[in-house]
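Visitor: I'm passing along protein.cif; it holds mmCIF, C-alpha atoms and all ligand atoms.
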```cif
data_structure
loop_
_atom_site.label_atom_id
_atom_site.label_comp_id
_atom_site.auth_asym_id
_atom_site.auth_seq_id
_atom_site.Cartn_x
_atom_site.Cartn_y
_atom_site.Cartn_z
CA MET A 30 5.35 -26.19 -18.13
CA SER A 31 8.53 -26.02 -16.17
CA THR A 32 9.31 -28.25 -13.23
CA PRO A 33 10.48 -27.44 -9.72
CA THR A 34 14.04 -28.07 -10.83
CA ASP A 35 13.95 -25.05 -13.12
CA ARG A 36 12.42 -22.75 -10.58
CA PRO A 37 13.67 -19.18 -10.88
CA ALA A 38 16.61 -18.45 -8.60
CA PRO A 39 15.46 -17.24 -5.19
CA GLY A 40 15.66 -13.46 -5.01
CA SER A 41 15.41 -12.92 -8.77
CA THR A 42 12.42 -10.93 -10.05
CA LEU A 43 9.57 -13.34 -10.66
CA LEU A 44 6.65 -10.98 -11.16
CA ASP A 45 6.93 -7.47 -12.52
CA VAL A 46 3.79 -5.34 -12.56
CA ARG A 47 4.47 -2.23 -14.61
CA ALA A 48 2.21 0.83 -14.70
CA LEU A 49 -0.86 -1.37 -14.62
CA HIS A 50 -4.07 0.48 -15.42
CA LYS A 51 -7.52 -1.05 -15.70
CA VAL A 52 -10.84 0.52 -16.67
CA TYR A 53 -13.94 -1.67 -16.96
CA PRO A 54 -15.80 -0.36 -20.00
CA GLY A 55 -19.27 1.02 -19.48
CA ALA A 56 -21.43 4.10 -19.56
CA ASP A 57 -19.89 7.43 -18.51
CA GLY A 58 -16.36 6.26 -19.22
CA GLY A 59 -16.72 2.98 -17.33
CA THR A 60 -15.22 2.10 -13.94
CA GLU A 61 -11.59 2.85 -13.37
CA ALA A 62 -10.52 0.12 -10.95
CA ILE A 63 -6.72 0.43 -11.12
CA ARG A 64 -5.09 3.82 -11.65
CA ASP A 65 -1.43 2.88 -11.67
CA LEU A 66 0.27 -0.07 -9.99
CA THR A 67 3.96 -0.77 -10.24
CA PHE A 68 5.71 -3.34 -8.06
CA GLU A 69 7.95 -6.38 -8.21
CA VAL A 70 7.77 -9.70 -6.41
CA ARG A 71 10.95 -11.68 -6.05
CA ALA A 72 11.11 -15.46 -6.41
CA GLY A 73 10.28 -17.16 -3.13
CA GLU A 74 8.67 -14.11 -1.54
CA MET A 75 5.39 -14.06 0.36
CA VAL A 76 3.67 -10.74 -0.37
CA CYS A 77 0.28 -9.77 1.04
CA ILE A 78 -2.08 -7.15 -0.34
CA VAL A 79 -4.62 -5.24 1.75
CA GLY A 80 -6.89 -2.36 0.84
CA PRO A 81 -10.49 -1.18 1.16
CA SER A 82 -13.33 -3.19 -0.31
CA GLY A 83 -13.77 -2.30 -3.96
CA ALA A 84 -10.21 -0.97 -4.23
CA GLY A 85 -9.30 -3.24 -7.13
CA LYS A 86 -7.52 -6.18 -5.45
CA THR A 87 -9.41 -8.91 -7.31
CA THR A 88 -9.05 -6.91 -10.51
CA LEU A 89 -5.29 -6.88 -9.94
CA LEU A 90 -5.16 -10.65 -9.40
CA ARG A 91 -7.29 -11.24 -12.48
CA CYS A 92 -4.89 -9.12 -14.56
CA ILE A 93 -1.89 -10.98 -13.11
CA SER A 94 -3.51 -14.35 -13.81
CA GLY A 95 -4.19 -13.40 -17.42
CA LEU A 96 -7.97 -13.66 -17.03
CA LEU A 97 -8.39 -9.94 -17.65
CA ALA A 98 -6.53 -7.73 -20.09
CA PRO A 99 -5.14 -4.50 -18.62
CA SER A 100 -6.22 -1.22 -20.24
CA SER A 101 -2.56 -0.25 -20.27
CA GLY A 102 0.62 -1.32 -18.59
CA GLN A 103 2.05 -4.80 -18.35
CA VAL A 104 2.36 -7.85 -16.16
CA VAL A 105 5.62 -9.70 -16.74
CA LEU A 106 6.06 -13.16 -15.25
CA GLU A 107 9.47 -14.79 -15.38
CA GLY A 108 10.49 -12.37 -18.10
CA THR A 109 7.46 -12.93 -20.34
CA ALA A 110 4.56 -10.47 -20.70
CA ILE A 111 1.29 -12.15 -19.77
CA SER A 112 -1.36 -12.35 -22.48
CA GLY A 113 -3.46 -15.23 -21.11
CA PRO A 114 -3.45 -17.64 -18.18
CA PRO A 115 0.27 -18.40 -17.75
CA LYS A 116 1.82 -21.75 -17.05
CA GLY A 117 3.47 -21.97 -13.68
CA MET A 118 0.69 -20.10 -11.87
CA ALA A 119 -2.08 -21.42 -9.63
CA VAL A 120 -4.94 -19.44 -8.11
CA VAL A 121 -7.00 -20.10 -4.97
CA PHE A 122 -10.19 -18.08 -4.67
CA GLN A 123 -12.34 -17.33 -1.67
CA GLU A 124 -15.32 -19.40 -2.70
CA TYR A 125 -14.22 -22.98 -2.27
CA ALA A 126 -17.78 -24.17 -2.83
CA ARG A 127 -17.70 -22.85 -6.37
CA SER A 128 -14.09 -23.70 -7.13
CA LEU A 129 -14.41 -27.48 -6.66
CA PHE A 130 -16.38 -29.75 -8.96
CA PRO A 131 -19.07 -31.48 -6.87
CA TRP A 132 -19.30 -34.49 -9.20
CA LEU A 133 -15.57 -35.26 -8.84
CA THR A 134 -13.98 -36.81 -5.76
CA VAL A 135 -11.36 -34.97 -3.76
CA ALA A 136 -8.55 -36.83 -5.55
CA GLN A 137 -10.13 -36.22 -8.97
CA ASN A 138 -10.49 -32.50 -8.23
CA VAL A 139 -6.80 -32.28 -7.34
CA GLU A 140 -5.81 -34.37 -10.36
CA LEU A 141 -7.76 -32.44 -12.99
CA PRO A 142 -5.23 -29.63 -13.66
CA LEU A 143 -2.47 -32.25 -13.77
CA LYS A 144 -4.28 -34.00 -16.62
CA GLU A 145 -4.54 -30.68 -18.42
CA LYS A 146 -0.82 -30.24 -17.83
CA GLY A 147 -0.27 -33.51 -19.69
CA LEU A 148 1.36 -35.49 -16.88
CA GLY A 149 1.34 -39.30 -16.96
CA LYS A 150 -0.90 -41.33 -14.68
CA ALA A 151 1.79 -42.47 -12.22
CA GLU A 152 3.13 -38.95 -11.80
CA ARG A 153 -0.39 -37.57 -11.32
CA LYS A 154 -1.10 -40.17 -8.66
CA ARG A 155 2.10 -39.33 -6.81
CA LEU A 156 1.47 -35.58 -6.90
CA VAL A 157 -2.15 -35.96 -5.74
CA ALA A 158 -1.14 -38.19 -2.82
CA THR A 159 1.69 -35.86 -1.78
CA ALA A 160 -0.51 -32.75 -1.96
CA LEU A 161 -3.40 -34.31 -0.02
CA ASP A 162 -0.95 -35.51 2.59
CA ALA A 163 0.57 -32.02 2.85
CA VAL A 164 -2.81 -30.46 3.65
CA GLY A 165 -3.82 -33.25 6.05
CA LEU A 166 -6.42 -34.86 3.80
CA ALA A 167 -4.69 -38.13 2.94
CA ASP A 168 -7.61 -40.10 4.38
CA VAL A 169 -10.44 -38.65 2.25
CA PRO A 170 -9.36 -38.96 -1.43
CA ALA A 171 -12.57 -40.77 -2.40
CA SER A 172 -14.93 -38.34 -0.66
CA TYR A 173 -16.87 -35.71 -2.57
CA PRO A 174 -16.34 -32.02 -1.72
CA TRP A 175 -19.88 -31.67 -0.41
CA GLN A 176 -19.15 -34.34 2.18
CA LEU A 177 -16.41 -32.15 3.71
CA SER A 178 -16.44 -29.12 6.01
CA GLY A 179 -15.71 -25.66 4.61
CA GLY A 180 -12.16 -25.69 5.97
CA MET A 181 -11.53 -29.13 4.45
CA GLN A 182 -12.88 -27.98 1.09
CA GLN A 183 -10.55 -25.01 1.13
CA ARG A 184 -7.68 -27.39 1.92
CA VAL A 185 -8.66 -29.40 -1.18
CA ALA A 186 -8.43 -26.19 -3.21
CA ILE A 187 -4.99 -25.52 -1.72
CA ALA A 188 -3.92 -29.13 -2.42
CA ARG A 189 -5.00 -28.72 -6.04
CA ALA A 190 -2.90 -25.57 -6.37
CA VAL A 191 0.10 -27.16 -4.65
CA ALA A 192 -0.04 -30.39 -6.68
CA TYR A 193 0.27 -28.29 -9.81
CA GLU A 194 3.74 -27.27 -8.57
CA PRO A 195 3.30 -23.61 -9.49
CA HIS A 196 6.10 -21.11 -9.39
CA ILE A 197 3.62 -18.53 -8.14
CA LEU A 198 0.47 -18.99 -6.12
CA LEU A 199 -2.19 -16.25 -6.11
CA MET A 200 -4.70 -16.32 -3.29
CA ASP A 201 -7.72 -14.00 -3.18
CA GLU A 202 -9.16 -13.85 0.33
CA PRO A 203 -9.02 -17.64 0.50
CA PHE A 204 -9.98 -17.92 4.17
CA ALA A 205 -12.73 -15.32 4.42
CA ALA A 206 -15.50 -17.92 4.63
CA VAL A 207 -14.10 -20.19 7.34
CA ASP A 208 -14.23 -19.88 11.13
CA ALA A 209 -11.42 -18.20 13.07
CA GLN A 210 -9.77 -21.38 14.37
CA THR A 211 -9.77 -23.03 10.93
CA ARG A 212 -8.45 -19.81 9.48
CA ALA A 213 -5.48 -19.83 11.87
CA ASP A 214 -4.76 -23.45 10.92
CA LEU A 215 -4.95 -22.64 7.22
CA GLU A 216 -2.61 -19.66 7.69
CA ASP A 217 -0.07 -21.97 9.31
CA LEU A 218 -0.59 -24.46 6.49
CA VAL A 219 0.19 -21.81 3.87
CA ARG A 220 3.32 -20.72 5.74
CA ALA A 221 4.45 -24.37 6.04
CA LEU A 222 3.83 -25.13 2.36
CA TRP A 223 5.54 -21.91 1.35
CA HIS A 224 8.62 -22.88 3.35
CA ARG A 225 8.63 -26.44 2.08
CA LEU A 226 8.01 -25.73 -1.60
CA GLY A 227 9.78 -22.41 -2.07
CA VAL A 228 6.79 -21.14 -4.03
CA THR A 229 6.19 -17.41 -4.48
CA VAL A 230 2.90 -16.32 -2.91
CA LEU A 231 0.73 -13.25 -3.55
CA PHE A 232 -2.02 -13.23 -0.94
CA VAL A 233 -4.97 -10.80 -0.88
CA THR A 234 -6.78 -10.37 2.42
CA HIS A 235 -9.03 -7.94 4.27
CA ASP A 236 -7.52 -9.01 7.55
CA ILE A 237 -4.61 -6.79 8.57
CA ASP A 238 -3.39 -9.25 11.22
CA GLU A 239 -3.41 -12.05 8.66
CA SER A 240 -1.38 -9.97 6.21
CA ILE A 241 1.31 -9.32 8.84
CA TYR A 242 1.32 -12.87 10.16
CA LEU A 243 1.79 -14.33 6.68
CA GLY A 244 3.75 -11.77 4.75
CA GLN A 245 7.29 -10.61 4.32
CA ARG A 246 5.83 -7.47 2.74
CA VAL A 247 2.38 -5.95 2.80
CA LEU A 248 1.27 -3.79 -0.12
CA VAL A 249 -1.35 -1.36 1.16
CA LEU A 250 -3.63 -0.14 -1.62
CA SER A 251 -5.61 3.09 -1.80
CA GLY A 252 -9.30 3.15 -2.55
CA ARG A 253 -10.45 2.93 -6.17
CA PRO A 254 -8.95 3.78 -8.61
CA THR A 255 -6.16 2.11 -6.77
CA VAL A 256 -2.52 2.97 -6.34
CA ILE A 257 -0.01 1.71 -3.77
CA LEU A 258 -0.13 3.69 -0.55
CA GLU A 259 2.84 1.93 0.97
CA ASP A 260 4.97 -1.16 0.52
CA VAL A 261 5.43 -2.20 4.15
CA THR A 262 8.29 -4.52 5.13
CA VAL A 263 7.39 -7.06 7.81
CA ASN A 264 10.43 -7.34 10.05
CA LEU A 265 9.33 -10.34 12.05
CA PRO A 266 11.29 -13.56 12.57
CA ASP A 267 10.76 -16.14 9.85
CA GLU A 268 9.61 -18.72 12.40
CA ARG A 269 6.07 -17.63 13.21
CA ASP A 270 3.40 -19.04 15.45
CA GLN A 271 -0.03 -17.77 16.26
CA LEU A 272 0.73 -16.79 19.87
CA THR A 273 4.31 -15.56 19.93
CA THR A 274 4.24 -13.70 16.63
CA ARG A 275 0.97 -11.94 17.33
CA ASN A 276 2.29 -10.83 20.75
CA ASP A 277 5.52 -9.42 19.31
CA PRO A 278 5.73 -5.63 19.84
CA GLU A 279 6.76 -5.26 16.18
CA PHE A 280 3.53 -7.03 15.19
CA ALA A 281 1.54 -4.48 17.21
CA ARG A 282 3.46 -1.61 15.63
CA LEU A 283 2.82 -2.91 12.11
CA ARG A 284 -0.85 -3.52 12.89
CA ALA A 285 -1.32 0.08 14.06
CA HIS A 286 0.58 1.46 11.07
CA ILE A 287 -1.28 -0.58 8.45
CA TYR A 288 -4.60 0.01 10.17
CA ASP A 289 -3.96 3.74 9.97
CA LEU A 290 -3.11 3.49 6.26
CA VAL A 291 -6.25 1.47 5.48
CA GLN A 292 -8.41 3.92 7.40
CA LYS A 293 -6.89 6.77 5.41
CA ALA A 294 -7.50 4.83 2.20
CA LYS A 295 -11.14 4.33 3.15
CA ARG A 296 -11.48 8.07 3.71
CA GLY A 297 -10.15 8.76 0.23
CA TYR A 298 -6.52 9.58 0.98
CA ARG A 299 -4.15 9.23 -1.97
CA PRO A 300 -0.38 9.68 -2.19
CA GLY A 301 0.44 13.21 -3.21
CA ASP A 302 -2.50 14.69 -1.34
CA ASP A 303 -0.75 17.66 0.25
CA VAL A 304 -3.24 18.31 2.98
CA PHE A 305 -5.46 15.46 3.97
CA VAL A 306 -8.72 16.44 5.63
CA PRO A 307 -10.59 13.48 7.13
CA ALA A 308 -14.30 13.22 6.52
CA ALA A 309 -16.42 14.92 9.16
CA GLY A 310 -17.06 12.59 12.06
CA ALA A 311 -14.47 10.07 10.88
CA ARG A 312 -13.03 8.10 13.82
CA GLY A 313 -10.42 6.34 11.78
CA ASP A 314 -7.70 6.62 14.39
CA LEU A 315 -9.52 4.41 16.83
CA PRO A 316 -9.38 0.70 16.03
CA PRO A 317 -12.54 -1.24 16.78
CA THR A 318 -12.36 -3.49 19.80
CA VAL A 319 -15.19 -5.92 19.07
CA GLY A 320 -16.86 -7.64 16.17
CA ASP A 321 -15.99 -10.14 13.52
CA GLY A 322 -15.56 -7.72 10.64
CA PRO A 323 -12.51 -7.44 8.46
CA TYR A 324 -10.46 -5.94 11.28
CA ALA A 325 -11.63 -8.35 13.93
CA GLY A 326 -8.02 -9.29 14.58
CA LEU A 327 -7.61 -5.89 16.18
CA ALA A 328 -9.85 -6.80 19.06
CA GLY A 329 -8.00 -6.41 22.31
CA ALA A 330 -4.99 -4.86 20.56
N1 LIG A 401 -16.62 -7.15 -14.26
C1 LIG A 401 -16.71 -5.90 -13.81
N2 LIG A 401 -17.34 -4.95 -14.54
C2 LIG A 401 -17.41 -3.68 -14.11
N3 LIG A 401 -16.88 -3.24 -12.95
C3 LIG A 401 -16.26 -4.15 -12.18
C4 LIG A 401 -16.14 -5.52 -12.56
N4 LIG A 401 -15.46 -6.18 -11.59
C5 LIG A 401 -15.17 -5.26 -10.64
N5 LIG A 401 -15.65 -4.04 -11.00
C6 LIG A 401 -15.49 -2.81 -10.24
O1 LIG A 401 -14.11 -2.54 -10.08
C7 LIG A 401 -13.85 -2.05 -8.76
C8 LIG A 401 -12.82 -2.95 -8.10
O2 LIG A 401 -13.41 -4.24 -7.90
P1 LIG A 401 -12.59 -5.44 -7.26
O3 LIG A 401 -13.49 -6.61 -7.23
O4 LIG A 401 -11.29 -5.56 -7.96
O5 LIG A 401 -12.34 -4.88 -5.77
P2 LIG A 401 -11.71 -5.62 -4.50
O6 LIG A 401 -10.63 -4.75 -3.98
O7 LIG A 401 -11.36 -7.02 -4.85
O8 LIG A 401 -12.94 -5.60 -3.49
P3 LIG A 401 -13.28 -6.63 -2.30
O9 LIG A 401 -12.29 -6.34 -1.22
O10 LIG A 401 -14.66 -6.25 -1.90
O11 LIG A 401 -13.19 -8.02 -2.84
C9 LIG A 401 -15.20 -2.00 -8.04
O12 LIG A 401 -15.69 -0.69 -8.15
C10 LIG A 401 -16.05 -2.96 -8.83
O13 LIG A 401 -17.40 -2.56 -8.80
MG MG A 402 -12.02 -8.89 -4.20
#
```
Go ahead and express the file in the form of structure tokens.

Guide:
Amino acid sequence: MSTPTDRPAPGSTLLDVRALHKVYPGADGGTEAIRDLTFEVRAGEMVCIVGPSGAGKTTLLRCISGLLAPSSGQVVLEGTAISGPPKGMAVVFQEYARSLFPWLTVAQNVELPLKEKGLGKAERKRLVATALDAVGLADVPASYPWQLSGGMQQRVAIARAVAYEPHILLMDEPFAAVDAQTRADLEDLVRALWHRLGVTVLFVTHDIDESIYLGQRVLVLSGRPTVILEDVTVNLPDERDQLTTRNDPEFARLRAHIYDLVQKAKRGYRPGDDVFVPAAGARGDLPPTVGDGPYAGLAGA
């Protein structure tokens, strides 16, 4: 495993997804989750991915993390084609309750991957302490995950990923199960860690506002079998905060644009469709104004 000192040069291509295609085998030809995905992520970038439920976002992350073999195409990380879980990558999943070991303390949970990485005891101790401090959990190393709130447990999962000193961090809807205030805090935590560590982040979310708030780019995926509908550049100042950034007119413009794309995706639109006829009765052009669903951030837009 490489160390932070041999991080890829900022701006160089870190992740290269080439003509990725994935079919889950099964009756009637199986389930084609990914039709054709090609994109690059540069070192140090924060890229978010949004798309309808069932589009293939988790499938994509599983292919990138080497947990799932593509049917065709390639994932190349730091110049090497992935054929299994690669070194230099950490993953944070949505379900913190299942991702932490209940019989290990907070510190032991964070330390475990470092043992597998073969680091010495003193170095492990230093990395665990630094990571817990970075996520604001320096005072609970001896607690067990089940003694913590949901937001704290997710911070343990983030600390574990950060302590590993990955070159790339994959996050699959990591904040979907926490309340709105905790979610905002965790978003700011991810931005802060990203700035501090220079790690490359690929972040899947259902929340359009979250994707804009966090990302430098937002990849909008079509419905299954998925392709990229648009690679949207987020032209917002690098310094972001929950009030100012979300009130920026450019934020509102991006929200409307991405919302429109996701609505089209949900109605079956695909690039290359010459004439797109929305489903009868579809009201996709009107954002919802209430509720706590995936587009709750649109309320009051
Ligand atoms: N292990 C599997 N075997 C067969 N089909 C699967 C498997 N995992 C996912 N699928 C199918 O592949 C498609 C994409 O699933 P995936 O979980 O990647 O979607 P997603 O975009 O992450 O959805 P969500 O936003 O709801 O998390 C779905 O139709 C799903 O039913
Ligand atoms: Mg998913």

Visitor: Box for ligand LIG 401 (chain A): with edges along x, y and z, all listed atoms inside and 3 Å added on each side, what are the centre and edge lengths in Å to one decimal, as lines of an AutoDock Vina configuration file?

Guide:
```
center_x = -14.0
center_y = -4.4
center_z = -7.9
size_x = 12.8
size_y = 13.3
size_z = 19.3
```

Visitor: Could you give me, as an mmCIF file with C-alpha atoms, keeping the file's coordinate frame, every polymer residue with an atom at most 9 Å away from an atom of ligand LIG 401 (chain A), counting only C-alpha atoms and all ligand atoms?

Guide:
```cif
data_model
loop_
_atom_site.group_PDB
_atom_site.id
_atom_site.type_symbol
_atom_site.label_atom_id
_atom_site.label_comp_id
_atom_site.auth_asym_id
_atom_site.auth_seq_id
_atom_site.Cartn_x
_atom_site.Cartn_y
_atom_site.Cartn_z
ATOM 1 C CA LYS A 51 -7.520 -1.050 -15.700
ATOM 2 C CA VAL A 52 -10.840 0.520 -16.670
ATOM 3 C CA TYR A 53 -13.940 -1.670 -16.960
ATOM 4 C CA PRO A 54 -15.800 -0.360 -20.000
ATOM 5 C CA GLY A 55 -19.270 1.020 -19.480
ATOM 6 C CA GLY A 59 -16.720 2.980 -17.330
ATOM 7 C CA THR A 60 -15.220 2.100 -13.940
ATOM 8 C CA GLU A 61 -11.590 2.850 -13.370
ATOM 9 C CA ALA A 62 -10.520 0.120 -10.950
ATOM 10 C CA ILE A 63 -6.720 0.430 -11.120
ATOM 11 C CA VAL A 79 -4.620 -5.240 1.750
ATOM 12 C CA GLY A 80 -6.890 -2.360 0.840
ATOM 13 C CA PRO A 81 -10.490 -1.180 1.160
ATOM 14 C CA SER A 82 -13.330 -3.190 -0.310
ATOM 15 C CA GLY A 83 -13.770 -2.300 -3.960
ATOM 16 C CA ALA A 84 -10.210 -0.970 -4.230
ATOM 17 C CA GLY A 85 -9.300 -3.240 -7.130
ATOM 18 C CA LYS A 86 -7.520 -6.180 -5.450
ATOM 19 C CA THR A 87 -9.410 -8.910 -7.310
ATOM 20 C CA THR A 88 -9.050 -6.910 -10.510
ATOM 21 C CA LEU A 89 -5.290 -6.880 -9.940
ATOM 22 C CA LEU A 90 -5.160 -10.650 -9.400
ATOM 23 C CA ARG A 91 -7.290 -11.240 -12.480
ATOM 24 C CA ASP A 201 -7.720 -14.000 -3.180
ATOM 25 C CA GLU A 202 -9.160 -13.850 0.330
ATOM 26 C CA VAL A 233 -4.970 -10.800 -0.880
ATOM 27 C CA THR A 234 -6.780 -10.370 2.420
ATOM 28 C CA HIS A 235 -9.030 -7.940 4.270
ATOM 29 C CA LEU A 250 -3.630 -0.140 -1.620
ATOM 30 C CA GLY A 252 -9.300 3.150 -2.550
ATOM 31 C CA ARG A 253 -10.450 2.930 -6.170
ATOM 32 C CA PRO A 254 -8.950 3.780 -8.610
ATOM 33 C CA THR A 255 -6.160 2.110 -6.770
#
```

Visitor: Identify, on the basis of all atoms listed in the file, every residue whose closest approach to region 120-126 of chain A does not exceed 7 Å; exclude the query and any residue fewer than 2 positions from it along the same chain; express the result as a PDB file with C-alpha atoms, keeping the file's coordinate frame.

Guide:
```pdb
ATOM      1  CA  MET A 118       0.690 -20.100 -11.870  1.00  0.00           C
ATOM      2  CA  SER A 128     -14.090 -23.700  -7.130  1.00  0.00           C
ATOM      3  CA  LEU A 129     -14.410 -27.480  -6.660  1.00  0.00           C
ATOM      4  CA  GLN A 182     -12.880 -27.980   1.090  1.00  0.00           C
ATOM      5  CA  GLN A 183     -10.550 -25.010   1.130  1.00  0.00           C
ATOM      6  CA  ALA A 186      -8.430 -26.190  -3.210  1.00  0.00           C
ATOM      7  CA  ILE A 187      -4.990 -25.520  -1.720  1.00  0.00           C
ATOM      8  CA  ALA A 190      -2.900 -25.570  -6.370  1.00  0.00           C
ATOM      9  CA  LEU A 198       0.470 -18.990  -6.120  1.00  0.00           C
ATOM     10  CA  LEU A 199      -2.190 -16.250  -6.110  1.00  0.00           C
ATOM     11  CA  MET A 200      -4.700 -16.320  -3.290  1.00  0.00           C
ATOM     12  CA  ASP A 201      -7.720 -14.000  -3.180  1.00  0.00           C
ATOM     13  CA  GLU A 202      -9.160 -13.850   0.330  1.00  0.00           C
ATOM     14  CA  PRO A 203      -9.020 -17.640   0.500  1.00  0.00           C
ATOM     15  CA  PHE A 204      -9.980 -17.920   4.170  1.00  0.00           C
ATOM     16  CA  ALA A 205     -12.730 -15.320   4.420  1.00  0.00           C
TER      17      ALA A 205
END
```

Visitor: Could you pull the residues within 10 Å of Leu215 (chain A), counting all atoms listed in the file, minus those fewer than 4 positions along the same chain, as an NGL selection string?

Guide: :A and (164 or 180-181 or 183-184 or 187 or 203-204 or 207 or 209-211 or 219-221)

Visitor: What's the separation between CA of Val230 (chain A) and CA of Leu218 (chain A), in Å to one decimal place?

Guide: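 The value is 12.9 Å.
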
Visitor: Interatomic distance between CA of His224 (chain A) and CA of His196 (chain A)?

Guide: 13.1 Å

Visitor: As an exercise, work out the distance from CA of Val104 (chain A) to CA of Arg47 (chain A) in Å and give it to one decimal place.

Guide: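 Here the two named atoms are 6.2 Å from each other.
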
Visitor: Closest to Val191 (chain A) among A:Arg246, A:Arg225, A:Arg71, A:Lys150, using only C-alpha atoms?

Guide: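 Answer, going by the shortest atom-to-atom distance: A:Arg225.
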
Visitor: Skip Lys146 (chain A) itself and residues of its chain fewer than 6 positions away, then list as a list in words all residues within 10 Å of it, counting all atoms listed in the file.

Guide: Met30, Lys116, Glu140, Arg153 and Tyr193 of chain A

Visitor: Within 8 Å of Ile111 (chain A), counting all atoms listed in the file, which residues show up once you throw out same-chain ones fewer than 4 positions away? Write them as a PyMOL selection string, please.

Guide: chain A and resi 93-95+103-106+115

Visitor: Report as a list in words all protein, DNA and RNA residues lying within 9 Å of region 33-46 of chain A, evaluated on only C-alpha atoms, omitting residues in the same chain fewer than 5 positions from it.

Guide: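 Here the qualifying residues turn out to be Leu66, Thr67, Phe68, Glu69, Val70, Arg71, Ala72, Gly73, Glu74, Ile93, Gly102, Gln103, Val104, Val105, Leu106, Glu107, Gly108, Glu194, Pro195, His196, Ile197, Leu226, Gly227, Val228 and Thr229 of chain A.
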
Visitor: Restrict the selected residues to C-alpha atoms and save them as a compact mmCIF listing (two decimals), in the coordinates of the input.

Guide:
```txt
# COMPACT_ATOMS: atom_id res chain seq x y z
CA LEU A 66 0.27 -0.07 -9.99
CA THR A 67 3.96 -0.77 -10.24
CA PHE A 68 5.71 -3.34 -8.06
CA GLU A 69 7.95 -6.38 -8.21
CA VAL A 70 7.77 -9.70 -6.41
CA ARG A 71 10.95 -11.68 -6.05
CA ALA A 72 11.11 -15.46 -6.41
CA GLY A 73 10.28 -17.16 -3.13
CA GLU A 74 8.67 -14.11 -1.54
CA ILE A 93 -1.89 -10.98 -13.11
CA GLY A 102 0.62 -1.32 -18.59
CA GLN A 103 2.05 -4.80 -18.35
CA VAL A 104 2.36 -7.85 -16.16
CA VAL A 105 5.62 -9.70 -16.74
CA LEU A 106 6.06 -13.16 -15.25
CA GLU A 107 9.47 -14.79 -15.38
CA GLY A 108 10.49 -12.37 -18.10
CA GLU A 194 3.74 -27.27 -8.57
CA PRO A 195 3.30 -23.61 -9.49
CA HIS A 196 6.10 -21.11 -9.39
CA ILE A 197 3.62 -18.53 -8.14
CA LEU A 226 8.01 -25.73 -1.60
CA GLY A 227 9.78 -22.41 -2.07
CA VAL A 228 6.79 -21.14 -4.03
CA THR A 229 6.19 -17.41 -4.48
```

Visitor: Using only C-alpha atoms and all ligand atoms, can you tell me which of A:Phe232, A:Trp132, A:Trp223, A:Trp175 comes closest to ligand MG 402 (chain A)?

Guide: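 Residue with the minimum atom-to-atom distance to ligand MG 402 (chain A): A:Phe232.
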
Visitor: Rank nothing, just name the residue among A:Ile78, A:Arg64, A:Gly244, A:Ala167 nearest to ligand MG 402 (chain A), using all atoms listed in the file.

Guide: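 Smallest distance to ligand MG 402 (chain A) is found for A:Ile78.
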
Visitor: Kindly indicate which residue among A:Tyr298, A:Cys92, A:Tyr242, A:Arg284 lies nearest to Leu258 (chain A), using only C-alpha atoms for the distances.

Guide: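 Checking each candidate against Leu258 (chain A), we get A:Tyr298 as the closest.
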
Visitor: Measuring between all atoms listed in the file, which one of A:Val263, A:Pro170, A:Arg155, A:Arg189 shows the shortest distance to Leu141 (chain A)?

Guide: A:Arg189

Visitor: Starting from the incomplete input, reconstruct N, CA and C atoms of region 173-182 of chain A and report them as a compact mmCIF listing (two decimals), in the frame of the given file.

Guide:
```txt
# COMPACT_ATOMS: atom_id res chain seq x y z
N TYR A 173 -16.48 -36.82 -1.70
CA TYR A 173 -16.87 -35.71 -2.57
C TYR A 173 -16.79 -34.41 -1.77
N PRO A 174 -16.51 -33.28 -2.45
CA PRO A 174 -16.34 -32.02 -1.72
C PRO A 174 -17.50 -31.71 -0.78
N TRP A 175 -18.71 -32.01 -1.23
CA TRP A 175 -19.88 -31.67 -0.41
C TRP A 175 -20.00 -32.52 0.83
N GLN A 176 -19.15 -33.54 0.95
CA GLN A 176 -19.15 -34.34 2.18
C GLN A 176 -18.15 -33.79 3.21
N LEU A 177 -17.45 -32.70 2.84
CA LEU A 177 -16.41 -32.15 3.71
C LEU A 177 -16.85 -30.83 4.32
N SER A 178 -16.19 -30.43 5.41
CA SER A 178 -16.44 -29.12 6.01
C SER A 178 -15.85 -28.03 5.11
N GLY A 179 -16.23 -26.78 5.40
CA GLY A 179 -15.71 -25.66 4.61
C GLY A 179 -14.19 -25.58 4.65
N GLY A 180 -13.62 -25.77 5.84
CA GLY A 180 -12.16 -25.69 5.97
C GLY A 180 -11.47 -26.81 5.19
N MET A 181 -12.11 -28.00 5.21
CA MET A 181 -11.53 -29.13 4.45
C MET A 181 -11.62 -28.85 2.96
N GLN A 182 -12.74 -28.28 2.51
CA GLN A 182 -12.88 -27.98 1.09
C GLN A 182 -11.82 -26.97 0.64
```
